[in-house]
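**Q** Next up, entry_4.cif (mmCIF, C-alpha atoms).
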```cif
data_upload
#
loop_
_atom_site.label_atom_id
_atom_site.label_comp_id
_atom_site.auth_asym_id
_atom_site.auth_seq_id
_atom_site.Cartn_x
_atom_site.Cartn_y
_atom_site.Cartn_z
CA MET A 192 27.33 155.57 81.49
CA GLN A 193 25.09 158.59 81.81
CA HIS A 194 27.43 160.74 83.93
CA HIS A 195 28.56 162.83 81.01
CA ASP A 196 27.23 165.87 79.21
CA ILE A 197 26.47 164.39 75.81
CA PRO A 198 22.73 164.62 75.13
CA GLY A 199 20.86 161.64 73.68
CA THR A 200 23.87 159.41 74.15
CA THR A 201 24.65 156.35 76.23
CA ILE A 202 28.30 155.40 76.46
CA PHE A 203 28.37 151.60 76.50
CA GLY A 204 30.41 150.88 79.64
CA SER A 205 30.51 148.47 82.53
CA GLU A 206 26.97 149.21 83.71
CA GLU A 207 25.48 148.54 80.26
CA ALA A 208 27.77 145.56 79.64
CA ARG A 209 26.44 143.87 82.79
CA LYS A 210 22.82 144.93 82.50
CA GLY A 211 22.56 144.16 78.78
CA PHE A 212 24.46 140.88 78.68
CA ALA A 213 21.51 138.55 78.03
CA LEU A 214 19.97 140.81 75.39
CA ASN A 215 23.29 141.34 73.61
CA ARG A 216 24.09 137.64 73.79
CA MET A 217 20.77 136.82 72.14
CA CYS A 218 21.47 139.35 69.39
CA PHE A 219 24.99 137.94 68.92
CA SER A 220 23.37 134.55 68.28
CA PHE A 221 21.67 136.04 65.21
CA ASN A 222 24.91 135.66 63.25
CA SER A 223 23.50 132.20 62.56
CA ALA A 224 20.63 131.83 60.06
CA SER A 225 19.14 128.91 61.98
CA ASN A 226 19.01 131.04 65.15
CA ARG A 227 17.30 133.84 63.25
CA ALA A 228 14.72 131.33 62.03
CA ALA A 229 14.23 129.97 65.56
CA PHE A 230 13.63 133.50 66.86
CA LEU A 231 11.04 134.20 64.17
CA LYS A 232 9.30 130.90 64.89
CA ASP A 233 8.77 131.68 68.57
CA GLU A 234 10.11 135.02 69.80
CA ASP A 235 9.03 134.68 73.42
CA ALA A 236 10.54 131.23 73.78
CA TYR A 237 13.76 132.44 72.20
CA CYS A 238 13.98 135.45 74.55
CA ALA A 239 13.28 133.16 77.51
CA LYS A 240 15.99 130.74 76.39
CA TYR A 241 18.55 133.57 76.53
CA GLY A 242 17.30 134.74 79.93
CA LEU A 243 16.22 138.23 78.94
CA THR A 244 14.78 140.37 81.70
CA PRO A 245 11.05 141.26 81.49
CA GLU A 246 12.08 144.80 80.47
CA GLN A 247 14.31 143.46 77.68
CA CYS A 248 11.57 141.07 76.47
CA GLU A 249 9.10 143.93 76.39
CA ALA A 250 11.51 146.20 74.48
CA VAL A 251 12.10 143.44 71.92
CA ARG A 252 8.36 142.76 71.59
CA GLU A 253 7.79 146.48 70.98
CA ARG A 254 10.77 146.71 68.55
CA ASN A 255 11.74 149.77 70.59
CA VAL A 256 15.43 150.50 70.09
CA LEU A 257 15.73 153.29 72.68
CA ARG A 258 14.17 151.01 75.24
CA MET A 259 16.58 148.21 74.30
CA ILE A 260 19.50 150.60 74.76
CA ALA A 261 18.13 151.69 78.13
CA ALA A 262 18.04 147.97 79.03
CA GLY A 263 21.74 147.63 78.19
CA GLY A 264 21.58 146.82 74.48
CA ASN A 265 24.60 147.70 72.33
CA VAL A 266 23.75 148.93 68.86
CA TYR A 267 26.28 146.69 67.10
CA TYR A 268 24.41 143.66 68.41
CA LEU A 269 20.95 145.23 68.19
CA ALA A 270 21.61 145.81 64.48
CA LYS A 271 21.61 142.03 64.03
CA LEU A 272 18.12 141.88 65.53
CA ALA A 273 16.98 144.77 63.31
CA GLY A 274 18.38 142.87 60.32
CA ILE A 275 15.92 140.05 60.94
CA PHE A 276 13.12 142.49 60.17
CA GLY A 277 14.97 143.91 57.17
CA LEU A 278 15.72 147.15 59.01
CA ASN A 279 19.06 148.91 58.59
CA VAL A 280 20.78 151.56 60.73
CA GLN A 281 18.95 154.37 58.91
CA ASP A 282 15.61 152.79 59.76
CA ILE A 283 16.54 152.47 63.42
CA GLY A 284 18.07 155.97 63.36
CA ALA A 285 14.70 157.31 62.21
CA GLN A 286 12.91 155.36 64.93
CA GLN A 287 15.19 156.63 67.69
CA THR A 288 14.94 160.26 66.61
CA GLY A 289 11.20 160.12 66.01
CA MET A 290 11.60 161.07 62.37
CA SER A 291 10.39 159.48 59.15
CA VAL A 292 13.12 157.51 57.36
CA ASP A 293 13.10 160.06 54.54
CA ALA A 294 13.48 162.96 56.96
CA PHE A 295 16.31 161.15 58.75
CA LYS A 296 18.11 160.53 55.45
CA ALA A 297 17.62 164.16 54.47
CA LYS A 298 19.14 165.25 57.78
CA LEU A 299 22.26 163.20 56.99
CA VAL A 300 22.52 164.69 53.50
CA ALA A 301 22.12 168.19 54.97
CA ALA A 302 25.03 167.53 57.37
CA GLY A 303 27.33 167.45 54.33
CA ARG A 304 26.44 170.93 53.16
CA MET B 104 64.03 143.85 55.74
CA ALA B 105 60.31 144.51 55.61
CA GLU B 106 59.37 148.12 54.96
CA ILE B 107 56.20 150.12 55.39
CA ILE B 108 55.55 151.90 52.13
CA GLY B 109 52.46 153.77 53.21
CA ALA B 110 49.02 153.73 54.75
CA ILE B 111 45.41 153.62 53.62
CA ALA B 112 42.56 154.61 55.91
CA THR B 113 38.94 154.18 54.99
CA SER B 114 35.44 154.03 56.42
CA HIS B 115 33.99 150.51 56.56
CA VAL B 116 30.21 151.03 56.75
CA PRO B 117 28.30 147.75 56.01
CA ALA B 118 26.10 149.61 53.50
CA ILE B 119 29.21 149.89 51.28
CA GLY B 120 29.28 146.09 51.07
CA LYS B 121 25.63 146.04 50.07
CA ALA B 122 26.23 148.70 47.41
CA ILE B 123 29.09 146.59 45.98
CA ALA B 124 26.88 143.47 45.98
CA ASP B 125 24.07 145.38 44.26
CA LYS B 126 26.52 147.05 41.80
CA ARG B 127 25.40 150.55 42.73
CA GLN B 128 28.85 152.16 42.71
CA ASP B 129 28.00 154.55 39.88
CA GLU B 130 24.70 155.76 41.27
CA PRO B 131 24.65 159.44 42.33
CA TYR B 132 24.39 158.55 46.04
CA TRP B 133 27.43 156.26 45.92
CA LYS B 134 29.69 157.68 43.23
CA PRO B 135 31.28 160.42 45.37
CA PHE B 136 32.46 157.72 47.76
CA PHE B 137 33.54 154.99 45.32
CA ALA B 138 35.29 157.45 42.98
CA GLY B 139 37.64 158.15 45.87
CA PHE B 140 39.11 154.68 45.36
CA ASP B 141 40.37 155.14 41.80
CA TYR B 142 43.56 156.63 43.18
CA VAL B 143 43.87 153.95 45.88
CA ARG B 144 43.75 151.18 43.27
CA GLN B 145 46.24 152.90 40.99
CA TRP B 146 48.62 153.35 43.92
CA LEU B 147 48.24 149.74 45.02
CA GLY B 148 48.69 148.55 41.43
CA ARG B 149 51.93 150.52 41.20
CA GLU B 150 53.33 149.73 44.64
CA ARG B 151 52.25 146.06 44.83
CA PRO B 152 52.48 145.49 48.59
CA ASP B 153 52.91 141.95 49.92
CA VAL B 154 51.17 142.37 53.27
CA ILE B 155 48.50 144.62 54.77
CA VAL B 156 48.29 145.11 58.51
CA PHE B 157 44.73 146.09 59.43
CA PHE B 158 43.84 148.10 62.53
CA TYR B 159 40.09 147.67 62.92
CA ASN B 160 37.33 146.88 65.38
CA ASP B 161 35.22 143.74 65.43
CA HIS B 162 31.46 144.37 65.55
CA GLY B 163 30.35 141.05 67.02
CA LEU B 164 31.58 138.42 64.61
CA ASN B 165 34.76 137.09 66.22
CA PHE B 166 34.45 138.71 69.64
CA PHE B 167 31.50 139.06 71.97
CA LEU B 168 31.16 140.74 75.36
CA ASP B 169 31.94 137.44 77.12
CA LYS B 170 35.63 137.95 76.26
CA MET B 171 36.53 141.34 74.90
CA PRO B 172 40.23 141.92 74.27
CA THR B 173 41.46 145.50 74.23
CA PHE B 174 44.02 144.55 71.57
CA ALA B 175 44.11 141.24 69.66
CA VAL B 176 46.47 140.16 66.89
CA GLY B 177 45.73 137.43 64.35
CA ALA B 178 48.25 134.65 63.76
CA ALA B 179 46.24 132.48 61.37
CA ALA B 180 47.09 131.10 57.94
CA GLU B 181 43.58 131.99 56.80
CA TYR B 182 40.95 134.44 58.05
CA LYS B 183 37.35 133.68 57.24
CA ASN B 184 34.53 136.16 56.93
CA GLU B 185 31.10 134.88 57.96
CA ASP B 186 27.43 135.80 58.21
CA GLU B 187 27.11 138.89 60.42
CA GLY B 188 23.36 138.61 60.62
CA TRP B 189 22.29 141.60 58.56
CA GLY B 190 22.38 140.21 55.04
CA LEU B 191 25.85 141.17 53.83
CA PRO B 192 27.23 138.64 51.36
CA VAL B 193 30.10 136.62 52.84
CA THR B 194 33.48 137.56 51.35
CA ARG B 195 35.92 134.78 50.51
CA SER B 196 38.63 134.16 53.07
CA PHE B 197 41.86 136.12 53.32
CA PRO B 198 45.35 134.59 53.42
CA GLY B 199 47.45 135.22 56.52
CA ASP B 200 51.17 135.14 57.21
CA PRO B 201 51.58 133.29 60.53
CA GLU B 202 55.36 133.68 60.65
CA PHE B 203 55.15 137.45 60.22
CA SER B 204 52.20 137.62 62.66
CA TRP B 205 54.20 135.80 65.33
CA HIS B 206 57.12 138.14 64.81
CA VAL B 207 54.75 141.08 65.39
CA ILE B 208 53.27 139.37 68.46
CA GLU B 209 56.68 138.61 69.96
CA SER B 210 57.84 142.18 69.34
CA LEU B 211 54.67 143.66 70.86
CA VAL B 212 54.86 141.56 74.01
CA ALA B 213 58.57 142.33 74.37
CA ASP B 214 57.53 145.98 74.08
CA GLU B 215 55.06 145.50 76.99
CA PHE B 216 51.85 145.32 74.95
CA ASP B 217 50.04 142.38 76.55
CA ILE B 218 47.90 141.47 73.57
CA VAL B 219 45.57 138.55 72.91
CA THR B 220 46.86 136.15 70.25
CA CYS B 221 44.41 134.50 67.83
CA GLN B 222 45.36 131.44 65.79
CA GLU B 223 41.76 131.29 64.69
CA MET B 224 40.02 134.56 63.93
CA LEU B 225 37.04 135.58 61.87
CA VAL B 226 37.27 139.03 60.31
CA ASP B 227 34.12 141.07 59.79
CA HIS B 228 33.14 143.86 57.38
CA ALA B 229 35.76 146.15 58.93
CA VAL B 230 38.39 144.12 57.04
CA ALA B 231 36.29 142.59 54.25
CA ILE B 232 34.91 145.89 52.91
CA PRO B 233 38.27 147.68 52.74
CA MET B 234 39.76 144.64 50.93
CA SER B 235 36.86 144.69 48.45
CA LEU B 236 37.41 148.41 47.91
CA TYR B 237 41.18 148.05 47.41
CA TRP B 238 40.93 145.08 45.01
CA PRO B 239 37.39 144.97 43.62
CA GLY B 240 36.53 141.73 41.86
CA ALA B 241 40.04 140.28 42.34
CA ALA B 242 40.05 136.57 41.51
CA GLN B 243 42.65 136.07 44.24
CA TRP B 244 43.70 138.43 47.02
CA PRO B 245 47.14 139.74 46.02
CA VAL B 246 48.26 140.31 49.64
CA LYS B 247 48.40 138.50 52.95
CA ILE B 248 46.87 140.19 55.95
CA ILE B 249 47.66 140.65 59.64
CA PRO B 250 44.55 141.76 61.57
CA VAL B 251 45.00 143.87 64.69
CA SER B 252 41.69 144.29 66.47
CA ILE B 253 41.09 147.21 68.82
CA ASN B 254 38.14 147.32 71.22
CA THR B 255 36.02 150.32 70.25
CA VAL B 256 32.80 148.66 71.43
CA GLN B 257 32.84 148.34 75.22
CA HIS B 258 34.20 151.17 77.36
CA PRO B 259 36.75 151.60 78.81
CA LEU B 260 38.40 151.72 75.39
CA PRO B 261 42.15 152.15 75.04
CA SER B 262 43.03 155.84 74.85
CA ALA B 263 43.98 157.64 71.65
CA ALA B 264 47.54 157.94 72.95
CA ARG B 265 47.68 154.23 73.76
CA CYS B 266 46.39 153.23 70.32
CA PHE B 267 48.98 155.48 68.70
CA LYS B 268 51.70 153.80 70.80
CA LEU B 269 50.39 150.38 69.81
CA GLY B 270 50.76 151.46 66.20
CA ARG B 271 54.30 152.67 66.90
CA SER B 272 55.18 149.30 68.34
CA VAL B 273 53.61 147.46 65.39
CA GLY B 274 55.56 149.75 63.05
CA ARG B 275 58.84 148.89 64.76
CA ALA B 276 57.92 145.20 64.67
CA ILE B 277 57.27 145.33 60.93
CA GLU B 278 60.51 147.14 60.21
CA SER B 279 62.52 144.63 62.23
CA TYR B 280 61.22 141.65 60.26
CA GLY B 281 63.98 140.03 58.27
CA LYS B 282 62.12 139.27 55.03
CA ASP B 283 62.03 141.72 52.14
CA LEU B 284 58.34 142.53 52.15
CA LYS B 285 56.44 145.66 51.19
CA VAL B 286 53.87 146.41 53.85
CA VAL B 287 50.89 148.76 53.90
CA VAL B 288 49.15 149.62 57.17
CA SER B 289 45.44 150.28 57.05
CA GLY B 290 43.09 151.80 59.63
CA THR B 291 39.37 151.33 59.10
CA GLY B 292 36.16 152.86 60.43
CA GLY B 293 34.90 156.37 61.12
CA LEU B 294 34.73 159.19 60.60
CA SER B 295 31.99 160.89 62.62
CA HIS B 296 28.83 158.86 63.09
CA GLN B 297 26.40 157.77 65.75
CA LEU B 298 23.97 154.90 65.29
CA ASP B 299 22.36 154.82 68.72
CA GLY B 300 20.26 157.01 70.94
CA ALA B 301 18.27 160.18 70.40
CA ARG B 302 21.46 161.70 68.91
CA ALA B 303 21.54 159.06 66.12
CA GLY B 304 22.59 160.63 62.83
CA PHE B 305 25.09 162.96 64.49
CA ILE B 306 27.85 164.14 62.11
CA ASN B 307 30.63 166.64 62.82
CA LYS B 308 32.22 167.83 59.59
CA GLU B 309 34.41 170.42 61.28
CA PHE B 310 35.98 167.87 63.62
CA ASP B 311 36.41 165.31 60.83
CA LEU B 312 38.26 167.84 58.69
CA LEU B 313 40.48 168.70 61.66
CA CYS B 314 41.28 165.00 62.14
CA LEU B 315 42.01 164.53 58.43
CA GLU B 316 44.38 167.47 58.47
CA LYS B 317 46.19 166.73 61.73
CA ILE B 318 46.65 163.00 61.20
CA VAL B 319 49.02 163.62 58.30
CA ASN B 320 51.78 165.64 59.95
CA GLU B 321 50.67 166.47 63.46
CA PRO B 322 48.97 163.34 64.83
CA GLU B 323 50.18 164.11 68.35
CA ALA B 324 47.65 166.97 68.42
CA LEU B 325 44.87 164.37 68.29
CA LEU B 326 46.14 162.26 71.18
CA ARG B 327 44.96 164.62 73.88
CA TYR B 328 41.29 163.74 73.35
CA SER B 329 39.76 161.41 75.91
CA ASN B 330 37.39 158.78 74.57
CA GLU B 331 34.47 160.61 76.13
CA GLU B 332 35.53 163.72 74.23
CA LEU B 333 35.82 161.66 71.04
CA VAL B 334 32.28 160.37 71.58
CA LYS B 335 31.09 163.92 72.06
CA LEU B 336 32.91 165.26 69.00
CA ALA B 337 32.68 162.30 66.60
CA GLY B 338 29.71 160.27 67.85
CA THR B 339 29.49 156.97 69.70
CA GLN B 340 30.86 155.04 66.71
CA GLY B 341 33.12 157.89 65.60
CA VAL B 342 35.56 156.55 68.20
CA GLU B 343 36.58 154.09 65.48
CA PHE B 344 39.03 156.86 64.64
CA LEU B 345 41.23 155.10 67.21
CA ASN B 346 41.98 152.58 64.43
CA TRP B 347 43.24 155.42 62.22
CA LEU B 348 45.46 156.69 65.03
CA ALA B 349 46.99 153.24 65.51
CA MET B 350 47.66 153.08 61.77
CA ARG B 351 49.31 156.50 61.84
CA GLY B 352 51.43 155.45 64.80
CA ALA B 353 52.97 152.69 62.68
CA LEU B 354 54.47 155.30 60.34
CA THR B 355 57.70 156.19 62.07
CA GLY B 356 59.30 158.15 59.25
CA GLN B 357 58.25 161.21 57.27
CA VAL B 358 54.72 161.15 56.00
CA SER B 359 52.99 162.99 53.21
CA GLN B 360 49.43 162.88 51.97
CA LEU B 361 48.96 161.32 48.54
CA HIS B 362 45.17 161.29 48.38
CA ARG B 363 42.12 162.20 50.39
CA ASN B 364 38.39 161.92 49.89
CA TYR B 365 35.66 163.03 52.28
CA HIS B 366 31.96 162.62 51.66
CA ILE B 367 28.77 162.98 53.69
CA PRO B 368 26.78 160.79 53.97
CA ILE B 369 27.19 157.09 53.44
CA SER B 370 24.29 155.68 55.41
CA ASN B 371 24.66 157.42 58.81
CA THR B 372 28.36 158.10 58.40
CA ALA B 373 30.75 160.80 57.23
CA ALA B 374 32.94 158.67 54.96
CA ALA B 375 36.62 159.30 54.38
CA THR B 376 39.53 157.76 52.55
CA LEU B 377 43.16 158.74 53.03
CA VAL B 378 46.39 157.51 51.44
CA LEU B 379 49.69 158.39 53.08
CA ASP B 380 53.17 157.93 51.70
CA HIS B 381 55.89 156.85 54.09
CA ARG B 382 58.94 158.86 53.12
CA LYS B 383 61.52 156.54 54.64
CA HIS B 384 60.70 154.13 51.86
CA VAL B 385 60.99 156.80 49.17
CA GLN B 386 64.34 157.98 50.51
CA ARG B 387 65.72 154.46 50.70
CA LYS B 388 64.66 153.72 47.17
CA ALA B 389 66.32 156.89 45.91
CA ALA B 390 69.57 156.16 47.73
#
```
Take the structure in the file and give it back as structure tokens.
**A**
Amino acid sequence: MQHHDIPGTTIFGSEEARKGFALNRMCFSFNSASNRAAFLKDEDAYCAKYGLTPEQCEAVRERNVLRMIAAGGNVYYLAKLAGIFGLNVQDIGAQQTGMSVDAFKAKLVAAGR
Amino acid sequence: MAEIIGAIATSHVPAIGKAIADKRQDEPYWKPFFAGFDYVRQWLGRERPDVIVFFYNDHGLNFFLDKMPTFAVGAAAEYKNEDEGWGLPVTRSFPGDPEFSWHVIESLVADEFDIVTCQEMLVDHAVAIPMSLYWPGAAQWPVKIIPVSINTVQHPLPSAARCFKLGRSVGRAIESYGKDLKVVVSGTGGLSHQLDGARAGFINKEFDLLCLEKIVNEPEALLRYSNEELVKLAGTQGVEFLNWLAMRGALTGQVSQLHRNYHIPISNTAAATLVLDHRKHVQRKAA
């Protein structure tokens, strides 16, 4: 849902749930270690198996979180994909805000002051 | 009769589970958070509850977007935790109390809450981390659990007022159960945080402190916020505060704050811990 006044924010609603279903379903499959291994073995085949749209495949290939969200990805599921590459929510926070990981972490610390 | 002796609310960030696994609790980054649990453990050690009812949200372990219940209640004899995909160690399973769960389910449905019932249910870090914080290193879990899952993932989410009412109904269900059990209600998640989008890393200390203050004795003041307003004020994942409101709803008697800790940041989150005493219990004991 973009019809709200919160900058830099997508509210995950019906539009995203429908649009992002294949991408989120693929990420949900990463709860299983054997599925994570299968993805790493052949990413494109794995994305095809889950019926990702060309836009979603491209976003995954680029490791571009904002693009995945624009394609309907939900961060709780995307975090499972990020985990495959050893990335945590601070790493993807830095990527989405265009900051270095250290600068992103420092921003969080500063929010407590 | 069963009685609710109090409530514990806490953040449930996965990074906490990693810090526990890596034994980093005393490091400067983590200590301000973990030290907030000394009181919680002393209180639990003193009060010795039999059952904990958890209000929490599943993050894609038991539920996916194919079937997403607004409210779901566990009725299993055992709740397993499993691989969530991002490297958290799996916590050993938690004992349930099916008879008590079914009593809660029957009461809720009679009270017009049309919940989903789960005789098999995995519980994710939103239950496993709080349990590990309440009883670190316990050889056996000293309580049984009843998980109550609230959809905070896919909008439309239930409103703050509706979650509070759900809690009320759960509270009445607990207090109408015929067995002499001491029950703690626990709400997990929050406070302000946002993981996604160009606003990732958003924290709102002022709003968190307002929530922490109002939830003790004036929770009704927090029920006017729409979920869109909660997203704006607390972040896309800050809406997990709905779990806290459901917990607070279960406390039908007088409430006082026993302990509170608030610390920024744990990972991308403003972390908070709150222990509430439920005065009904205290009064009954004194009588």
**Q** Would you write out, as JSON lines, a table of all residues in chain B that have an atom no more than 9 Å from an atom of chain A, listing for each the closest atom pair and the distance in Å to one decimal, considering only C-alpha atoms and ordering rows by chain and rising residue number?
**A**
```
{"residue": "B:Ala118", "atom": "CA", "partner": "A:Asn279", "partner_atom": "CA", "distance": 8.7}
{"residue": "B:His162", "atom": "CA", "partner": "A:Tyr267", "partner_atom": "CA", "distance": 5.9}
{"residue": "B:Gly163", "atom": "CA", "partner": "A:Phe219", "partner_atom": "CA", "distance": 6.5}
{"residue": "B:Leu164", "atom": "CA", "partner": "A:Asn222", "partner_atom": "CA", "distance": 7.3}
{"residue": "B:Phe167", "atom": "CA", "partner": "A:Phe219", "partner_atom": "CA", "distance": 7.3}
{"residue": "B:Leu168", "atom": "CA", "partner": "A:Ala208", "partner_atom": "CA", "distance": 7.3}
{"residue": "B:Asp169", "atom": "CA", "partner": "A:Phe212", "partner_atom": "CA", "distance": 8.4}
{"residue": "B:Glu185", "atom": "CA", "partner": "A:Asn222", "partner_atom": "CA", "distance": 8.2}
{"residue": "B:Asp186", "atom": "CA", "partner": "A:Asn222", "partner_atom": "CA", "distance": 5.6}
{"residue": "B:Glu187", "atom": "CA", "partner": "A:Asn222", "partner_atom": "CA", "distance": 4.8}
{"residue": "B:Gly188", "atom": "CA", "partner": "A:Asn222", "partner_atom": "CA", "distance": 4.2}
{"residue": "B:Trp189", "atom": "CA", "partner": "A:Gly274", "partner_atom": "CA", "distance": 4.5}
{"residue": "B:Gly190", "atom": "CA", "partner": "A:Gly274", "partner_atom": "CA", "distance": 7.1}
{"residue": "B:Val256", "atom": "CA", "partner": "A:Phe203", "partner_atom": "CA", "distance": 7.3}
{"residue": "B:Gln257", "atom": "CA", "partner": "A:Gly204", "partner_atom": "CA", "distance": 5.6}
{"residue": "B:His258", "atom": "CA", "partner": "A:Gly204", "partner_atom": "CA", "distance": 4.4}
{"residue": "B:Pro259", "atom": "CA", "partner": "A:Gly204", "partner_atom": "CA", "distance": 6.4}
{"residue": "B:Gln297", "atom": "CA", "partner": "A:Gly284", "partner_atom": "CA", "distance": 8.9}
{"residue": "B:Leu298", "atom": "CA", "partner": "A:Gly284", "partner_atom": "CA", "distance": 6.3}
{"residue": "B:Asp299", "atom": "CA", "partner": "A:Val266", "partner_atom": "CA", "distance": 6.1}
{"residue": "B:Gly300", "atom": "CA", "partner": "A:Thr200", "partner_atom": "CA", "distance": 5.4}
{"residue": "B:Ala301", "atom": "CA", "partner": "A:Gly199", "partner_atom": "CA", "distance": 4.4}
{"residue": "B:Arg302", "atom": "CA", "partner": "A:Gly199", "partner_atom": "CA", "distance": 4.8}
{"residue": "B:Ala303", "atom": "CA", "partner": "A:Gly284", "partner_atom": "CA", "distance": 5.4}
{"residue": "B:Gly304", "atom": "CA", "partner": "A:Leu299", "partner_atom": "CA", "distance": 6.4}
{"residue": "B:Phe305", "atom": "CA", "partner": "A:Leu299", "partner_atom": "CA", "distance": 8.0}
{"residue": "B:Ile306", "atom": "CA", "partner": "A:Ala302", "partner_atom": "CA", "distance": 6.5}
{"residue": "B:Asn307", "atom": "CA", "partner": "A:Ala302", "partner_atom": "CA", "distance": 7.9}
{"residue": "B:Lys308", "atom": "CA", "partner": "A:Gly303", "partner_atom": "CA", "distance": 7.2}
{"residue": "B:Glu331", "atom": "CA", "partner": "A:His195", "partner_atom": "CA", "distance": 8.0}
{"residue": "B:Val334", "atom": "CA", "partner": "A:Ile202", "partner_atom": "CA", "distance": 8.0}
{"residue": "B:Lys335", "atom": "CA", "partner": "A:Ile197", "partner_atom": "CA", "distance": 6.0}
{"residue": "B:Gly338", "atom": "CA", "partner": "A:Thr200", "partner_atom": "CA", "distance": 8.6}
{"residue": "B:Thr339", "atom": "CA", "partner": "A:Ile202", "partner_atom": "CA", "distance": 7.0}
{"residue": "B:His366", "atom": "CA", "partner": "A:Gly303", "partner_atom": "CA", "distance": 7.2}
{"residue": "B:Ile367", "atom": "CA", "partner": "A:Gly303", "partner_atom": "CA", "distance": 4.7}
{"residue": "B:Pro368", "atom": "CA", "partner": "A:Val300", "partner_atom": "CA", "distance": 5.8}
{"residue": "B:Ile369", "atom": "CA", "partner": "A:Leu299", "partner_atom": "CA", "distance": 8.6}
{"residue": "B:Ser370", "atom": "CA", "partner": "A:Gln281", "partner_atom": "CA", "distance": 6.5}
{"residue": "B:Asn371", "atom": "CA", "partner": "A:Gln281", "partner_atom": "CA", "distance": 6.5}
{"residue": "B:Thr372", "atom": "CA", "partner": "A:Leu299", "partner_atom": "CA", "distance": 8.1}
{"residue": "B:Ala373", "atom": "CA", "partner": "A:Gly303", "partner_atom": "CA", "distance": 8.0}
```
**Q** So that I can see what lies close to region 324-329 of chain B, please list as a list in words the residues with an atom at most 7 Å from it, counting all atoms listed in the file and leaving out residues fewer than 3 positions away in the same chain.
**A**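 Counting only the stated atoms, we get Ser262, Ala263, Ala264, Lys317, Glu321, Glu332 and Leu333 of chain B.
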**Q** Using all atoms listed in the file, which of B:Gly290, B:Gly274, B:Pro135, B:Gly109 sits nearest Thr355 (chain B)?
**A**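 Answer, going by the shortest atom-to-atom distance: B:Gly274.
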**Q** Between CA of Ile277 (chain B) and CA of Ile107 (chain B), what is the distance in Å, rounded to a tenth?
**A** 7.4 Å
**Q** Neighbourhood query: residues within 8 Å of (35.7, 149.4, 68.6), file coordinates, counting only C-alpha atoms; return as a compact mmCIF listing (two decimals) with C-alpha atoms, in the frame of the given file.
**A**
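Below is the file that was written, out-v3.txt:
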```
# COMPACT_ATOMS: atom_id res chain seq x y z
CA TYR B 159 40.09 147.67 62.92
CA ASN B 160 37.33 146.88 65.38
CA ASP B 161 35.22 143.74 65.43
CA HIS B 162 31.46 144.37 65.55
CA ILE B 253 41.09 147.21 68.82
CA ASN B 254 38.14 147.32 71.22
CA THR B 255 36.02 150.32 70.25
CA VAL B 256 32.80 148.66 71.43
CA GLN B 257 32.84 148.34 75.22
CA LEU B 260 38.40 151.72 75.39
CA GLN B 340 30.86 155.04 66.71
CA VAL B 342 35.56 156.55 68.20
CA GLU B 343 36.58 154.09 65.48
```
**Q** Work out how far CA of Ser252 (chain B) is from CA of Met217 (chain A), in Å to one decimal.
**A** 22.9 Å
**Q** Expressed in Å to a single decimal, how great is the separation between CA of Ile123 (chain B) and CA of Val176 (chain B)?
**A**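 Straight-line distance from CA of Ile123 (chain B) to CA of Val176 (chain B) works out to 27.9 Å.
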**Q** With distances taken over all atoms listed in the file, which of A:Ala294, A:Glu253, A:Asp282, A:Ala239 is nearest to Leu214 (chain A)?
**A**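 Of all the options, A:Ala239 lies closest to Leu214 (chain A).
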**Q** With distances taken over all atoms listed in the file, which residue among B:Leu315, B:Leu147, B:Leu191, B:Ala337 lies nearest Thr376 (chain B)?
**A**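 Closest to Thr376 (chain B), using all atoms listed in the file: B:Leu315.
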**Q** For Glu202 (chain B), list every protein, DNA or RNA residue within 12 Å, evaluated using only C-alpha atoms, and leave out those in the same chain fewer than 2 positions away; present the list as a PyMOL selection string.
**A** chain B and resi 177-180+199-200+204-209+222+247-249+277+280-282
